[in-house]
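Chemist: Right, I'll just put the structure down here and ask away after.
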Amino acid sequence: MPADTVASAPYADEDAYVASLVSRMSVERKVAQLIQPQINSFTAADMARYRFGSYLNGGNGGPYGDEFAPASEWLRLADEMYDASVQPLANGEPVIPTMWGTDAVHGHTNVVGATIFPHNVALGAANDPDLVRRIGHATAIEVEATGIDWDFSPTVAVAQDGRWGRAYESYSEDPARVAPLGAALVEGLQGRPGDADFLGDGRVIATAKHFFGDGGTTDGVDQGEVTGDIEALIALHGRPYPAAIDAGVQTVMASFNSINGAKMHGNGPLLTGVLRGRMGFDGLVVGDWNGHGQVQGCTVTNCPQSLLAGLDIYMVPDDWRGLMETLVAQVNDGTIPMARLDEAVSRVLHIKYRAGLLGPNAERPSERGVGGRFDLIGSAEHRALAREAVAASQVILRNDGVLPLRSGANVLVAGSAADNVGQASGGWTLEWQGSTEYGDDRLPNTTSIWDGLRDAVTASGGRATLSADGSFTARPAVAVVVFGEKPYAEFAGDTRDLAFRDEEGLNLLRSFREQGIPTVAVFLSGRPMWMNREMNLANAFVASWLPGSEGAGVADVLTGAVPATGRLSFGWPNDCNGGPIARTNRALFPLGYGLATGQTSAMPMLGEGCTALLEGTGTALFGSGRLADGVTVRAGDGSSFSLLRGTATDGSVTARGFDRNAQEDAREIAMRAGSQIAFVEPQGSGNAYRLTYEVLTRPTAPVTLVTGTEGGATSTLDVTQHFAHAEGKGFREMLITDACVGQLGNLFALRTASNLTFRIAGMERIEVAEGTTCAF
């Protein structure tokens, strides 16, 4: 650090040192310590100008705009931002090094090549605090190797409803299981308080989240409402926090949800009264992605209520400049007392001091600990640990004796998920929502479930064949069918029930049953789901959860090489309706259930009635930031936008996430003159399209809507004036019926002859009365 910064401050006493720094800081520099933008929205020059106390990479953020950048680029950006934050200040104020936070929720999985550990739902089934502690340490090593200081983990939610899209981030429905596992991950990330390596080399700052009640919202709605007697809620959802605090957790993240009508980001009685007063937390409280903007009376750029309630850092990814300006003004006019500002800043500085980021021995990210040790990212040791965790988390729910697989057998491995590490890893893998379309370049040095089974079966003298569609030439002795949920994260994974509608696995199991071939169903999911139909067809059924990068761990259990010790940390539903399973009689298999290796179970026929399946899947094509299964989006040059994000190969169309009501729940689409973007359904249903959209730039040449059949007959409609009229008027709805286009078909495309930028928040097919006119 520069010689004229903080080297002369006293270091004998942490409190005195922090107080000396705060006393010499201007209001602007103090407020900057409470601002946390994302790397996509500011530069190193901004860091030097404003001196943010911390920053983050969002789930879709990467260094220099490349979310798939190599580890060396993550470290380069960390050094660049650190250097900018410690440039001497002209007025002699002390400089305070910044720190970088990331969501390394199942390994350092934003970075290509990192070890991908099983998600928490799987680790809850393993129920081994020592295993979780070792995973935390391995994750911390890989995080620090890229120069990042702070992990927004562990999630210690006590999920009560599997319909919640974040259920896989929860260890269990039982707080008695969540508490020790969350504390173990804290110790793995940070080290144990009092140990020589606490927050030292190979360790990073941990975060217990989300305080509190995130797993208890009504109907499992992400960011929703939690109601009930406050003491009962604290006993259930607050129970993991004292354990994390005792383990030395340095930060806690506030939750998006409300408690009895009050948003947590502005809930002083809970953030200050309970978390600090009753539970004794002395670290800092960080907000979640623009969560302060959801507090009543607040906007993203104006919310003193959060700071006054006990929030210490605002996570304000993009609108940091406006928030800084209002906070400075509110301190100067007395809306925010100086004492409260100093308290929050002091908490930030205390954490930096304890983590070795602040003081005379502070170093650049590349020079501290294991910074730059890229050989540790995805190392053989860490992958072996992940494989161990995968095996420990497999839960055998049904078995008529087909497991373990017999040595020397001819095994057919079926299902599109069998050789897809992206699907096995789930959300929060390279990208926020994850993907099934990653190749070896994105997921190097990984082992799919097929890879693991092939090696294990071959080693035993048997034969293994991969057949996604279940076809074969040589009749197998047994078929392993791998299927399950596609990746998702947060609200995009919310469901209205627990019916599993992707029938690939069901059809494969049915086909093998008809041919008299025994089957093992391996179900990949972020939650227990209604599987009665599949269980009736399978000879064995394994809850494999979201195992991550080491599919050999699944093979270890299926072949009996490793004992099956996984036990359910959530009750498994006997119906498809959704809702809490804990403390009800709705469980087909209760908390703690699971079969040992070779143990057989009774196989009675299960009821297959599910009203939700009769209601269909709905007609949404795009909503809550997610494309519906089977919907494809392409630019005119043929480039695919599998997540409705990215840039066409020829640069003609760019789609990026936009926060309308929640993180990336909408998309902003920029089109160059002469370009096209097309939405294609598997098959058209409904006699109208409804699009929720906002136009940002007025078209100066024709904009044409195209509907019909891809590769077949189409109809066109000039919508130039409609788009021109909508410019600058916020979100509105467009209704397209056959009254203004000749046919709807399964294609919805826009062509523009001028540059055009617009946003979409929702797109669906609906039924309207015959003769309904179009509306814009």
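FYI, nothing fancy with the structure tokens labels: chains A, B, ... in order, residues from 1 per chain, ligands from 1 as they appear.
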Would you please give, as a ChimeraX atom specification, all residues of range 576-618 of chain A that DSSP assigns to helix (DSSP H, G or I) based on the backbone?

Modeler: /A:611-614

Chemist: Based on DSSP run over this structure's backbone, return all residues of range 702-771 of chain A in strand (DSSP E), as a PyMOL selection string.

Modeler: chain A and resi 703-708+714-718+732-737+747-752+756-766

Chemist: Separation of CA of Gly53 in chain A and CA of Val345 in chain A, in Å?

Modeler: 8.9 Å

Chemist: Return the single residue from A:Gln330, A:Ser379, A:Ser569, A:Ser425 that is closest to Tyr593 in chain A, with distances computed using only C-alpha atoms.

Modeler: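 Of A:Gln330, A:Ser379, A:Ser569, A:Ser425, the one nearest Tyr593 in chain A is A:Ser569, counting only C-alpha atoms.
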
Chemist: What's the 6 Å shell around range 619-626 of chain A, counting only C-alpha atoms, without same-chain residues fewer than 5 positions away, as a PDB file with all heavy atoms, in the first residue's frame?

Modeler:
```pdb
ATOM      1  N   ALA A 492     -37.024 -17.929 -11.037  1.00  0.00           N
ATOM      2  CA  ALA A 492     -37.269 -18.640 -12.288  1.00  0.00           C
ATOM      3  C   ALA A 492     -37.586 -20.113 -12.043  1.00  0.00           C
ATOM      4  O   ALA A 492     -38.169 -20.774 -12.909  1.00  0.00           O
ATOM      5  CB  ALA A 492     -36.052 -18.522 -13.211  1.00  0.00           C
ATOM      6  N   GLU A 664     -33.008  -9.645 -13.226  1.00  0.00           N
ATOM      7  CA  GLU A 664     -33.059 -10.185 -14.587  1.00  0.00           C
ATOM      8  C   GLU A 664     -34.371 -10.897 -14.887  1.00  0.00           C
ATOM      9  O   GLU A 664     -34.405 -11.936 -15.533  1.00  0.00           O
ATOM     10  CB  GLU A 664     -31.862 -11.113 -14.834  1.00  0.00           C
ATOM     11  CG  GLU A 664     -30.546 -10.382 -14.813  1.00  0.00           C
ATOM     12  CD  GLU A 664     -29.400 -11.147 -15.429  1.00  0.00           C
ATOM     13  OE1 GLU A 664     -29.640 -12.202 -16.040  1.00  0.00           O
ATOM     14  OE2 GLU A 664     -28.260 -10.687 -15.300  1.00  0.00           O
ATOM     15  N   ASP A 665     -35.488 -10.344 -14.406  1.00  0.00           N
ATOM     16  CA  ASP A 665     -36.790 -10.925 -14.716  1.00  0.00           C
ATOM     17  C   ASP A 665     -37.309 -10.457 -16.070  1.00  0.00           C
ATOM     18  O   ASP A 665     -38.385 -10.876 -16.508  1.00  0.00           O
ATOM     19  CB  ASP A 665     -37.810 -10.607 -13.623  1.00  0.00           C
ATOM     20  CG  ASP A 665     -38.060  -9.112 -13.455  1.00  0.00           C
ATOM     21  OD1 ASP A 665     -37.230  -8.307 -13.921  1.00  0.00           O
ATOM     22  OD2 ASP A 665     -39.083  -8.762 -12.842  1.00  0.00           O
ATOM     23  N   ALA A 666     -36.566  -9.581 -16.737  1.00  0.00           N
ATOM     24  CA  ALA A 666     -36.928  -9.103 -18.070  1.00  0.00           C
ATOM     25  C   ALA A 666     -35.674  -9.113 -18.935  1.00  0.00           C
ATOM     26  O   ALA A 666     -34.576  -9.441 -18.468  1.00  0.00           O
ATOM     27  CB  ALA A 666     -37.528  -7.700 -17.977  1.00  0.00           C
ATOM     28  N   GLY A 762     -42.668 -10.323 -20.463  1.00  0.00           N
ATOM     29  CA  GLY A 762     -43.490 -11.521 -20.518  1.00  0.00           C
ATOM     30  C   GLY A 762     -44.014 -11.746 -21.910  1.00  0.00           C
ATOM     31  O   GLY A 762     -44.257 -10.792 -22.667  1.00  0.00           O
ATOM     32  N   MET A 763     -44.169 -13.019 -22.266  1.00  0.00           N
ATOM     33  CA  MET A 763     -44.734 -13.370 -23.561  1.00  0.00           C
ATOM     34  C   MET A 763     -45.500 -14.662 -23.384  1.00  0.00           C
ATOM     35  O   MET A 763     -44.966 -15.630 -22.810  1.00  0.00           O
ATOM     36  CB  MET A 763     -43.624 -13.532 -24.601  1.00  0.00           C
ATOM     37  CG  MET A 763     -44.115 -13.838 -26.000  1.00  0.00           C
ATOM     38  SD  MET A 763     -42.716 -13.941 -27.149  1.00  0.00           S
ATOM     39  CE  MET A 763     -43.609 -14.202 -28.679  1.00  0.00           C
ATOM     40  N   GLU A 764     -46.743 -14.703 -23.829  1.00  0.00           N
ATOM     41  CA  GLU A 764     -47.552 -15.898 -23.641  1.00  0.00           C
ATOM     42  C   GLU A 764     -48.565 -16.064 -24.756  1.00  0.00           C
ATOM     43  O   GLU A 764     -48.898 -15.125 -25.468  1.00  0.00           O
ATOM     44  CB  GLU A 764     -48.261 -15.840 -22.281  1.00  0.00           C
ATOM     45  CG  GLU A 764     -49.132 -14.629 -22.068  1.00  0.00           C
ATOM     46  CD  GLU A 764     -49.683 -14.536 -20.658  1.00  0.00           C
ATOM     47  OE1 GLU A 764     -49.767 -15.561 -19.991  1.00  0.00           O
ATOM     48  OE2 GLU A 764     -50.039 -13.422 -20.243  1.00  0.00           O
ATOM     49  N   ARG A 765     -49.040 -17.310 -24.896  1.00  0.00           N
ATOM     50  CA  ARG A 765     -50.163 -17.618 -25.771  1.00  0.00           C
ATOM     51  C   ARG A 765     -51.395 -17.764 -24.899  1.00  0.00           C
ATOM     52  O   ARG A 765     -51.377 -18.472 -23.885  1.00  0.00           O
ATOM     53  CB  ARG A 765     -49.913 -18.935 -26.517  1.00  0.00           C
ATOM     54  CG  ARG A 765     -48.873 -18.834 -27.603  1.00  0.00           C
ATOM     55  CD  ARG A 765     -49.299 -17.975 -28.770  1.00  0.00           C
ATOM     56  NE  ARG A 765     -50.339 -18.571 -29.593  1.00  0.00           N
ATOM     57  CZ  ARG A 765     -50.100 -19.326 -30.663  1.00  0.00           C
ATOM     58  NH1 ARG A 765     -48.849 -19.580 -31.041  1.00  0.00           N
ATOM     59  NH2 ARG A 765     -51.098 -19.827 -31.369  1.00  0.00           N
TER      60      ARG A 765
END
```

Chemist: Looking at only C-alpha atoms, which of A:Gly594, A:Gly268, A:Gly638, A:Gly297 is the one that sits closest to Asn399 in chain A?

Modeler: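 The closest residue to Asn399 in chain A is A:Gly594.
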
Chemist: Between CA of Pro88 in chain A and CA of Trp150 in chain A, what distance in Å does the model show, to one decimal?

Modeler: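 Straight-line distance from CA of Pro88 in chain A to CA of Trp150 in chain A works out to 24.5 Å.
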